[in-house]
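Undergrad: Have a look at this one.
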Amino acid sequence: MPDPSTDSEPAPAPVPDRDPAPTPMLAPSSLPFLVRCLRLTTAALLLAWLSLALWHSAKPLPPGTHVVSQTYRLPDSDVDFSYGAALHPAATVQGAAAIEHAEALIVVDRSPLTADLANALLARRRLRPNVVMVVTTDPGNEAFGGTAARILTSLEQSGIIVVRARLDRLRDSNPLYSGLWRLLLGWWSDPFDEPPGQVTPAAWARMQNFKADRRQLLAADDGSGGWTVMLAPAAGAAALTLRGAPACAVIASELQVAAWSSDDDRLPAIPTSAGRGVGSIDSRFLTEGAVAGALLEILRAAASGDQIGIDVENLSERRIIAEMLRAAARGAHLQVVLARNAEPNRAVAAELEAGGSDRIELRWRAAAAAPSPALLLVRHGADLWVNWGAPGFTRRDLDDLNLAAGVELRMPARAAAARSIAGYFAQSWARADSDANFADGSATAYWRYRFAEATGLSSF
């Protein structure tokens, strides 16, 4: 039989395996180009970040800031310092009284604005609808302790001019973060678009700039051609009230701040000052960095035998600490009351105790104490020098970074206001705790607060 294998078709030759399709590759010459583009983009972003940080750390200050008023002379009867129990804050009582007498203009700058003060404004608005009222407040929403939206809405609906301070126009206290924030978020994030009462990512990111309106004041006409100004938090247990020309300097500064924070065309004209006045008490209105200059001037003048009292929330401003130590070295005796805070006060307390030559005494204010502006007083011979108003002796509050305000007084120690202020400090000192173990002298605590103070990467 024939061989079947010879009749069948030959088997197909095996197909050789094909190499997989080659992966597209960038031409070798394009890699250096992409690397250069990436480097240039990174360098441009870094340059923009640093440029924003530098510019907004040193840019010109807006009008109405870093104010040093002329020296006004006031009689004893035009200066009043009152303090009372926290259940009936002196600031609330005095503020309501000033509002009730106004017939032409009321200017308020408070954060937060309490319901009691808002109700006093609304009551006066109903009784005297022609009185011009301007309320400036920190734009921080209610989630961060700012004024409740319903309070501001009620004021606006009644016709009161409500101004939310444009804090981004101030210099940056936290420039490394703020430069990046301005580059990536600031150009589209508006605090007035953030829902009140909610900690949204945009609100949280904005708050890390650590900007604040710390001014706590109220100014109004007295209904008979004069003026009244009061410096104190609305819920504070102490208030300083001045009558006469100083109020015009306060109003001028506040209306300038309102002008660059708002485009409201209802803002009134700035009133003219009545002159320096006569009396035995010298007074000056100071804001922002000018407060620091006045504090340093007072401390540098303190000599042997002078008594210095300081009652402040936070103390970290390096120039002030240095002058306190120098005053102690010259023989002045210092009594310092600080809030019981971990930073920066514990490390600063240890520094003062170590360098104070036993002439610096320290005590700690209870955590639940009523809020109050900072107080520096110096008993110099027969006179009492007083600085009242700035919320803290820190770089952020005294270096033209936050909105802050204060009043300097130089008066005979026998004046009624001098005796009242001295009594207030004595009461604060007596209530404070002399805990010798609370100070922290460790190198870690010292350098941590120094780094935070210098860079702005802190909340104090």
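Letters A, B, ... mark the chains of the structure tokens in the order given; residue numbers begin at 1 per chain; ligand numbers begin at 1, in order shown.
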Can you tell me, as a list in words, what residues are no more than 7 Å from Ala328 of chain A when counting only C-alpha atoms, ignoring any on the same chain fewer than 3 positions away?

TA: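 So the residues in contact are Met324, Leu325, Gly331, Ala332, His333, Gly356, Arg359 and Ile360 of chain A.
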
Undergrad: Leaving out Glu361 of chain A and any residue of its chain fewer than 6 positions from it, which residues lie within 9 Å of it when counting only C-alpha atoms, given as a ChimeraX atom specification?

TA: /A:333-337,352-353,434

Undergrad: Limited to C-alpha atoms, could you put the picked residues into a file as a PDB file, in the first residue's frame?

TA:
ATOM      1  CA  HIS A 333      10.932  96.102  91.663  1.00  0.00           C
ATOM      2  CA  LEU A 334       8.592  94.178  89.348  1.00  0.00           C
ATOM      3  CA  GLN A 335       5.406  92.271  90.075  1.00  0.00           C
ATOM      4  CA  VAL A 336       4.231  90.251  87.062  1.00  0.00           C
ATOM      5  CA  VAL A 337       0.899  88.434  86.669  1.00  0.00           C
ATOM      6  CA  LEU A 352      12.710  86.330  84.338  1.00  0.00           C
ATOM      7  CA  GLU A 353      13.296  84.445  87.569  1.00  0.00           C
ATOM      8  CA  SER A 434       2.314  82.107  93.414  1.00  0.00           C
TER       9      SER A 434
END

Undergrad: Give the alpha helix (DSSP H) residues of segment 84-134 of chain A, as assigned by DSSP on the backbone, as a ChimeraX atom specification.

TA: /A:90-101,115-127

Undergrad: What's the separation between atom CA of Ile310 of chain A and atom CA of Asn341 of chain A, in Å to one decimal place?

TA: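 Atom CA of Ile310 of chain A sits 15.9 Å away from atom CA of Asn341 of chain A.
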
Undergrad: With only C-alpha atoms as the counted atoms, please give the residues lying no more than 10 Å from segment 258-269 of chain A, apart from itself and same-chain residues fewer than 6 positions off, as an MDAnalysis selection string.

TA: chainID A and resid 62:64 105 109 132:137 160:169 251:252

Undergrad: Where does DSSP see strand (DSSP E or B) in segment 227-377 of chain A, if you list the residues as a PyMOL selection string?

TA: chain A and resi 227-231+238-243+281-287+307-312+315+333-339+360-365+375-377

Undergrad: Write the residues of the selection above to a file with C-alpha atoms, as a PDB file, in the first residue's frame.

TA:
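Generated output (out.pdb):
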ATOM      1  CA  TRP A 227     -16.936 112.837  73.363  1.00  0.00           C
ATOM      2  CA  THR A 228     -16.385 109.631  75.331  1.00  0.00           C
ATOM      3  CA  VAL A 229     -14.099 106.692  74.585  1.00  0.00           C
ATOM      4  CA  MET A 230     -13.855 103.413  76.478  1.00  0.00           C
ATOM      5  CA  LEU A 231     -11.243 100.677  76.151  1.00  0.00           C
ATOM      6  CA  ALA A 238     -12.488  96.453  83.989  1.00  0.00           C
ATOM      7  CA  ALA A 239     -12.877  99.486  81.735  1.00  0.00           C
ATOM      8  CA  LEU A 240     -10.940 102.700  81.139  1.00  0.00           C
ATOM      9  CA  THR A 241     -13.093 105.653  80.094  1.00  0.00           C
ATOM     10  CA  LEU A 242     -11.785 108.986  78.800  1.00  0.00           C
ATOM     11  CA  ARG A 243     -13.801 112.057  77.967  1.00  0.00           C
ATOM     12  CA  ILE A 281      -3.288 113.902  83.315  1.00  0.00           C
ATOM     13  CA  ASP A 282      -1.418 113.356  80.046  1.00  0.00           C
ATOM     14  CA  SER A 283      -2.999 110.821  77.693  1.00  0.00           C
ATOM     15  CA  ARG A 284      -2.112 109.339  74.296  1.00  0.00           C
ATOM     16  CA  PHE A 285      -3.989 106.943  72.037  1.00  0.00           C
ATOM     17  CA  LEU A 286      -1.736 104.261  70.535  1.00  0.00           C
ATOM     18  CA  THR A 287      -2.258 101.383  68.146  1.00  0.00           C
ATOM     19  CA  GLN A 307       7.491  99.895  91.383  1.00  0.00           C
ATOM     20  CA  ILE A 308       6.424  98.156  88.150  1.00  0.00           C
ATOM     21  CA  GLY A 309       3.263  96.093  87.810  1.00  0.00           C
ATOM     22  CA  ILE A 310       2.396  93.982  84.765  1.00  0.00           C
ATOM     23  CA  ASP A 311      -0.811  92.006  84.248  1.00  0.00           C
ATOM     24  CA  VAL A 312      -0.933  90.397  80.815  1.00  0.00           C
ATOM     25  CA  LEU A 315       4.440  87.725  77.447  1.00  0.00           C
ATOM     26  CA  HIS A 333      10.932  96.102  91.663  1.00  0.00           C
ATOM     27  CA  LEU A 334       8.592  94.178  89.348  1.00  0.00           C
ATOM     28  CA  GLN A 335       5.406  92.271  90.075  1.00  0.00           C
ATOM     29  CA  VAL A 336       4.231  90.251  87.062  1.00  0.00           C
ATOM     30  CA  VAL A 337       0.899  88.434  86.669  1.00  0.00           C
ATOM     31  CA  LEU A 338       0.694  86.032  83.712  1.00  0.00           C
ATOM     32  CA  ALA A 339      -2.037  83.735  82.468  1.00  0.00           C
ATOM     33  CA  ILE A 360      10.991  90.193  89.822  1.00  0.00           C
ATOM     34  CA  GLU A 361       8.045  88.443  91.470  1.00  0.00           C
ATOM     35  CA  LEU A 362       5.772  86.215  89.407  1.00  0.00           C
ATOM     36  CA  ARG A 363       2.236  85.007  89.929  1.00  0.00           C
ATOM     37  CA  TRP A 364      -0.283  83.130  87.793  1.00  0.00           C
ATOM     38  CA  ARG A 365      -3.777  84.213  86.910  1.00  0.00           C
ATOM     39  CA  LEU A 375      -1.832  96.511  82.019  1.00  0.00           C
ATOM     40  CA  LEU A 376       1.583  98.021  82.671  1.00  0.00           C
ATOM     41  CA  LEU A 377       1.928 100.524  85.492  1.00  0.00           C
TER      42      LEU A 377
END
